Amino acid sequence: MRFQYRLEAADFVACDAHIRRRMLDRAKEIRRRSWRHFPLHVALGIVLGWSGMFLLSAMEVWQRWALAATALLFFGSAIAVWFWRRKGGMIAWLSNFAGDYVVVLTPEGLSFQALGRSGFYAWPHILALEETGQYWLLYLRRGAAVPVPKSVQPDGFAEAVRSHWEAHAENRGLSLPSEPRGHSLWTGFRHWLGDNLWAGFKLAFWGPVSPADFRTGTRPLLGLVALELAALLSFGYVKSLPDPRFNIYGVTDFGAELLLFLLSGLAIGAMVVNRSSVPRLWVMLLSGLLVVEIPYLASHAAYSQLGFFSQVSWLPWALWLTAKGWMLLVVFRAVGTLFVQPAPSAWLLVSVFAFFNIVVPGYLPQQSLFYAGYEEEEDDPDGPAIDVEDTFYRQPQLLHDALAALQAERPGVPDLYFVGFAGQADEKVFANEIKYVRELFDGRFDTRGRSVALVNSPETVAHTPLANAHNLERVLADPGPGIVVFGPMNPPTRTLTEGHGGSGTASRA
């Protein structure tokens, strides 16, 4: 269906006034109904308030200033928009869109040409079709609509719009509403997350599934990403019990891996003919991979809490390899189903996905959203006085005693040696980290009797060698070749060779 009509500035003004009135009435209705859910709103407000206070407490000073400036920009802009509308700026701006319009309805969506520009809106992007006294309004969002005068629209226009909209794969089982409205929590879950997860389950377990079974769009994609983040938070918290500590760097790690995932979809889309299916590919992959990832995270957290990892050292690797292999099979089936690829070509696309989502993240610092805490002592600004001269003269003997206490290598057994380095004495946390990591290595990797700690701390200066370059050089040279040096167990990760004053560890087999 194709037709042409003309819109004047008065048409836009009348439609804008109608939309404003409808939105005000809708807001009043929402406020009236919201009193029935007042306890739920109070509980939600408490949760959001507590979360906000938690995030603010974790921010540095410059981050708080950046947040305050952004909030000021947002609310200042909102106030400016309100004044701009009150002064007639909206009406003057809408008059720029007066002119001749050509509209074409197709099974895929609605396209139009006007004022030397063209546009296209897929049917899932049309929120509602409302009839007023003089117009049909095609809503693109709650506060914006394309007006079509009744005097020029062809016969069967509304019926054609509804039939095309309801026939689209993304809208199956739905009816085009007469006014834009928000979905309830259950409706959104049922039509976006619920359908996608069920289709992802069939994809992961080789059940009958087609690309049309997945619902694409911004909200389904964001819902799947939010579900993955919630799974990582929940199982990461359980895994770090009994003393979980939130790790802000884990959010950065999640964002980097999400970006790599999106890039992998774009790279795969560039290698096939039907590139418009990339958003559907993202939804299919996320839906299927979540079905694999959630059981993997759950089993990893359960086994970690039950202590199986310390007893069966190969179990974490077995779980990881099983999960990754299963995920690659999900990707193989997704790209083969969506792009109709033969097996060799599908595996080529899987290799692109593996590069972005397995190989590249392996070279990035791995940070979880929670890590297991340990007991920290309060910093004591009035620590014990240190005899500087005696401390430095004592270093050769302390270092000799520490090295002499190391047990010899056992014939036929690969022995792991541990060297801890806490270079900053201003805070006790660095010395505590070395103590914690040393005990961890002694228990899990059998380094008891083969570990050395170099610590700068007033509490250990009498019996532990200092963490300085000379002592570290002697310790690393004494055990022999094969030293591997890496940074702190907790973020930010830094190598000792960079010269940062933090804590670190070294090991050799």
# chains A, B, ... in the order shown; residues from 1 in each chain; ligands from 1
>>> select_by_dssp(residues="range 225-446 of chain A", states="strand (DSSP E)", output="list in words")
Pro244, Arg245, Phe246, Phe370, Tyr371, Ala372, Tyr417, Phe418, Val419, Gly420, Phe421 and Ala422 of chain A
>>> write_last_selection(atoms="C-alpha atoms", output="compact mmCIF listing (two decimals), in the first residue's frame")
# COMPACT_ATOMS: atom_id res chain seq x y z
CA PRO A 244 32.13 -11.80 49.98
CA ARG A 245 33.65 -8.48 48.93
CA PHE A 246 32.29 -6.56 45.95
CA PHE A 370 32.96 -10.71 44.20
CA TYR A 371 36.05 -12.09 45.89
CA ALA A 372 36.50 -13.85 49.21
CA TYR A 417 58.01 -22.36 45.51
CA PHE A 418 56.25 -19.18 46.61
CA VAL A 419 57.68 -15.66 47.07
CA GLY A 420 55.42 -12.90 48.41
CA PHE A 421 56.29 -9.19 48.15
CA ALA A 422 54.42 -6.48 50.14
>>> atom_distance(atom1="CA of Leu266 in chain A", atom2="CA of Pro279 in chain A")
9.0 Å
>>> closest_residue(among="A:Pro180, A:Gly373, A:Pro342, A:Gly269", to="Tyr237 in chain A", atoms="only C-alpha atoms")
A:Gly373
>>> closest_residue(among="A:Leu67, A:Val238, A:Leu229, A:Ala167", to="Gly109 in chain A", atoms="only C-alpha atoms")
A:Ala167
>>> select_by_dssp(residues="range 59-300 of chain A", states="helix (DSSP H, G or I)", output="PyMOL selection string")
chain A and resi 61-86+89-97+123-125+157-167+169-171+185-204+211-213+218-239+248-270+275-300
>>> closest_residue(among="A:Arg32, A:Arg20, A:Arg64, A:Arg172", to="Ala145 in chain A", atoms="only C-alpha atoms")
A:Arg20
>>> decode(residues="range 254-297 of chain A", atoms="N, CA and C atoms", output="PDB file, in the first residue's frame")
ATOM      1  N   PHE A 254      33.230  -7.374  33.068  1.00  0.00           N
ATOM      2  CA  PHE A 254      31.970  -7.759  32.431  1.00  0.00           C
ATOM      3  C   PHE A 254      31.699  -6.892  31.208  1.00  0.00           C
ATOM      4  N   GLY A 255      31.924  -5.584  31.320  1.00  0.00           N
ATOM      5  CA  GLY A 255      31.706  -4.693  30.181  1.00  0.00           C
ATOM      6  C   GLY A 255      32.631  -5.003  29.024  1.00  0.00           C
ATOM      7  N   ALA A 256      33.898  -5.333  29.316  1.00  0.00           N
ATOM      8  CA  ALA A 256      34.842  -5.662  28.248  1.00  0.00           C
ATOM      9  C   ALA A 256      34.421  -6.940  27.530  1.00  0.00           C
ATOM     10  N   GLU A 257      33.997  -7.951  28.283  1.00  0.00           N
ATOM     11  CA  GLU A 257      33.585  -9.201  27.653  1.00  0.00           C
ATOM     12  C   GLU A 257      32.282  -9.027  26.874  1.00  0.00           C
ATOM     13  N   LEU A 258      31.383  -8.175  27.365  1.00  0.00           N
ATOM     14  CA  LEU A 258      30.156  -7.898  26.617  1.00  0.00           C
ATOM     15  C   LEU A 258      30.480  -7.202  25.295  1.00  0.00           C
ATOM     16  N   LEU A 259      31.404  -6.242  25.336  1.00  0.00           N
ATOM     17  CA  LEU A 259      31.814  -5.558  24.108  1.00  0.00           C
ATOM     18  C   LEU A 259      32.424  -6.542  23.117  1.00  0.00           C
ATOM     19  N   LEU A 260      33.262  -7.459  23.597  1.00  0.00           N
ATOM     20  CA  LEU A 260      33.850  -8.457  22.713  1.00  0.00           C
ATOM     21  C   LEU A 260      32.777  -9.373  22.126  1.00  0.00           C
ATOM     22  N   PHE A 261      31.775  -9.697  22.929  1.00  0.00           N
ATOM     23  CA  PHE A 261      30.671 -10.519  22.420  1.00  0.00           C
ATOM     24  C   PHE A 261      29.948  -9.798  21.281  1.00  0.00           C
ATOM     25  N   LEU A 262      29.632  -8.521  21.477  1.00  0.00           N
ATOM     26  CA  LEU A 262      28.946  -7.762  20.418  1.00  0.00           C
ATOM     27  C   LEU A 262      29.818  -7.639  19.173  1.00  0.00           C
ATOM     28  N   LEU A 263      31.121  -7.430  19.370  1.00  0.00           N
ATOM     29  CA  LEU A 263      32.036  -7.341  18.231  1.00  0.00           C
ATOM     30  C   LEU A 263      32.107  -8.661  17.478  1.00  0.00           C
ATOM     31  N   SER A 264      32.056  -9.778  18.209  1.00  0.00           N
ATOM     32  CA  SER A 264      32.086 -11.076  17.527  1.00  0.00           C
ATOM     33  C   SER A 264      30.856 -11.248  16.636  1.00  0.00           C
ATOM     34  N   GLY A 265      29.686 -10.781  17.117  1.00  0.00           N
ATOM     35  CA  GLY A 265      28.496 -10.849  16.285  1.00  0.00           C
ATOM     36  C   GLY A 265      28.623  -9.996  15.030  1.00  0.00           C
ATOM     37  N   LEU A 266      29.198  -8.793  15.174  1.00  0.00           N
ATOM     38  CA  LEU A 266      29.403  -7.938  14.002  1.00  0.00           C
ATOM     39  C   LEU A 266      30.386  -8.564  13.023  1.00  0.00           C
ATOM     40  N   ALA A 267      31.457  -9.188  13.572  1.00  0.00           N
ATOM     41  CA  ALA A 267      32.442  -9.820  12.701  1.00  0.00           C
ATOM     42  C   ALA A 267      31.824 -10.993  11.940  1.00  0.00           C
ATOM     43  N   ILE A 268      31.008 -11.791  12.621  1.00  0.00           N
ATOM     44  CA  ILE A 268      30.332 -12.899  11.940  1.00  0.00           C
ATOM     45  C   ILE A 268      29.364 -12.359  10.895  1.00  0.00           C
ATOM     46  N   GLY A 269      28.627 -11.287  11.232  1.00  0.00           N
ATOM     47  CA  GLY A 269      27.698 -10.695  10.280  1.00  0.00           C
ATOM     48  C   GLY A 269      28.383 -10.172   9.034  1.00  0.00           C
ATOM     49  N   ALA A 270      29.643  -9.711   9.179  1.00  0.00           N
ATOM     50  CA  ALA A 270      30.377  -9.206   8.013  1.00  0.00           C
ATOM     51  C   ALA A 270      30.828 -10.315   7.074  1.00  0.00           C
ATOM     52  N   MET A 271      30.770 -11.564   7.549  1.00  0.00           N
ATOM     53  CA  MET A 271      31.241 -12.695   6.750  1.00  0.00           C
ATOM     54  C   MET A 271      30.106 -13.433   6.047  1.00  0.00           C
ATOM     55  N   VAL A 272      28.871 -13.027   6.286  1.00  0.00           N
ATOM     56  CA  VAL A 272      27.728 -13.708   5.674  1.00  0.00           C
ATOM     57  C   VAL A 272      26.962 -12.726   4.803  1.00  0.00           C
ATOM     58  N   VAL A 273      25.994 -13.242   4.066  1.00  0.00           N
ATOM     59  CA  VAL A 273      25.223 -12.405   3.143  1.00  0.00           C
ATOM     60  C   VAL A 273      24.155 -11.613   3.890  1.00  0.00           C
ATOM     61  N   ASN A 274      23.415 -12.271   4.783  1.00  0.00           N
ATOM     62  CA  ASN A 274      22.282 -11.637   5.468  1.00  0.00           C
ATOM     63  C   ASN A 274      22.775 -10.893   6.708  1.00  0.00           C
ATOM     64  N   ARG A 275      23.362  -9.719   6.528  1.00  0.00           N
ATOM     65  CA  ARG A 275      23.951  -8.983   7.639  1.00  0.00           C
ATOM     66  C   ARG A 275      22.904  -8.335   8.536  1.00  0.00           C
ATOM     67  N   SER A 276      21.684  -8.194   8.055  1.00  0.00           N
ATOM     68  CA  SER A 276      20.644  -7.580   8.876  1.00  0.00           C
ATOM     69  C   SER A 276      20.236  -8.473  10.033  1.00  0.00           C
ATOM     70  N   SER A 277      20.689  -9.724  10.063  1.00  0.00           N
ATOM     71  CA  SER A 277      20.301 -10.649  11.114  1.00  0.00           C
ATOM     72  C   SER A 277      21.226 -10.607  12.322  1.00  0.00           C
ATOM     73  N   VAL A 278      22.172  -9.683  12.368  1.00  0.00           N
ATOM     74  CA  VAL A 278      23.114  -9.619  13.492  1.00  0.00           C
ATOM     75  C   VAL A 278      22.397  -9.411  14.830  1.00  0.00           C
ATOM     76  N   PRO A 279      21.418  -8.487  14.946  1.00  0.00           N
ATOM     77  CA  PRO A 279      20.704  -8.384  16.236  1.00  0.00           C
ATOM     78  C   PRO A 279      20.030  -9.693  16.646  1.00  0.00           C
ATOM     79  N   ARG A 280      19.485 -10.423  15.684  1.00  0.00           N
ATOM     80  CA  ARG A 280      18.871 -11.710  16.017  1.00  0.00           C
ATOM     81  C   ARG A 280      19.947 -12.713  16.448  1.00  0.00           C
ATOM     82  N   LEU A 281      21.119 -12.640  15.831  1.00  0.00           N
ATOM     83  CA  LEU A 281      22.222 -13.517  16.233  1.00  0.00           C
ATOM     84  C   LEU A 281      22.618 -13.250  17.677  1.00  0.00           C
ATOM     85  N   TRP A 282      22.699 -11.969  18.065  1.00  0.00           N
ATOM     86  CA  TRP A 282      23.039 -11.637  19.453  1.00  0.00           C
ATOM     87  C   TRP A 282      22.030 -12.272  20.419  1.00  0.00           C
ATOM     88  N   VAL A 283      20.748 -12.136  20.108  1.00  0.00           N
ATOM     89  CA  VAL A 283      19.716 -12.684  20.992  1.00  0.00           C
ATOM     90  C   VAL A 283      19.790 -14.201  21.035  1.00  0.00           C
ATOM     91  N   MET A 284      19.969 -14.843  19.879  1.00  0.00           N
ATOM     92  CA  MET A 284      20.053 -16.300  19.855  1.00  0.00           C
ATOM     93  C   MET A 284      21.239 -16.803  20.666  1.00  0.00           C
ATOM     94  N   LEU A 285      22.396 -16.165  20.485  1.00  0.00           N
ATOM     95  CA  LEU A 285      23.597 -16.610  21.207  1.00  0.00           C
ATOM     96  C   LEU A 285      23.445 -16.388  22.703  1.00  0.00           C
ATOM     97  N   LEU A 286      22.964 -15.209  23.101  1.00  0.00           N
ATOM     98  CA  LEU A 286      22.792 -14.947  24.530  1.00  0.00           C
ATOM     99  C   LEU A 286      21.795 -15.917  25.157  1.00  0.00           C
ATOM    100  N   SER A 287      20.705 -16.194  24.459  1.00  0.00           N
ATOM    101  CA  SER A 287      19.691 -17.090  25.004  1.00  0.00           C
ATOM    102  C   SER A 287      20.246 -18.494  25.186  1.00  0.00           C
ATOM    103  N   GLY A 288      20.946 -19.005  24.165  1.00  0.00           N
ATOM    104  CA  GLY A 288      21.495 -20.348  24.265  1.00  0.00           C
ATOM    105  C   GLY A 288      22.661 -20.446  25.232  1.00  0.00           C
ATOM    106  N   LEU A 289      23.536 -19.441  25.233  1.00  0.00           N
ATOM    107  CA  LEU A 289      24.708 -19.487  26.107  1.00  0.00           C
ATOM    108  C   LEU A 289      24.323 -19.344  27.578  1.00  0.00           C
ATOM    109  N   LEU A 290      23.252 -18.599  27.855  1.00  0.00           N
ATOM    110  CA  LEU A 290      22.801 -18.493  29.247  1.00  0.00           C
ATOM    111  C   LEU A 290      22.344 -19.847  29.788  1.00  0.00           C
ATOM    112  N   VAL A 291      21.738 -20.655  28.928  1.00  0.00           N
ATOM    113  CA  VAL A 291      21.298 -21.981  29.358  1.00  0.00           C
ATOM    114  C   VAL A 291      22.494 -22.834  29.779  1.00  0.00           C
ATOM    115  N   VAL A 292      23.645 -22.601  29.164  1.00  0.00           N
ATOM    116  CA  VAL A 292      24.862 -23.331  29.525  1.00  0.00           C
ATOM    117  C   VAL A 292      25.573 -22.658  30.694  1.00  0.00           C
ATOM    118  N   GLU A 293      25.622 -21.329  30.676  1.00  0.00           N
ATOM    119  CA  GLU A 293      26.425 -20.596  31.658  1.00  0.00           C
ATOM    120  C   GLU A 293      25.850 -20.685  33.069  1.00  0.00           C
ATOM    121  N   ILE A 294      24.539 -20.629  33.210  1.00  0.00           N
ATOM    122  CA  ILE A 294      23.947 -20.645  34.550  1.00  0.00           C
ATOM    123  C   ILE A 294      24.253 -21.954  35.288  1.00  0.00           C
ATOM    124  N   PRO A 295      24.075 -23.147  34.672  1.00  0.00           N
ATOM    125  CA  PRO A 295      24.483 -24.369  35.380  1.00  0.00           C
ATOM    126  C   PRO A 295      25.977 -24.418  35.667  1.00  0.00           C
ATOM    127  N   TYR A 296      26.788 -23.885  34.766  1.00  0.00           N
ATOM    128  CA  TYR A 296      28.234 -23.880  35.008  1.00  0.00           C
ATOM    129  C   TYR A 296      28.582 -23.015  36.219  1.00  0.00           C
ATOM    130  N   LEU A 297      28.009 -21.813  36.290  1.00  0.00           N
ATOM    131  CA  LEU A 297      28.269 -20.936  37.431  1.00  0.00           C
ATOM    132  C   LEU A 297      27.764 -21.558  38.726  1.00  0.00           C
TER     133      LEU A 297
END
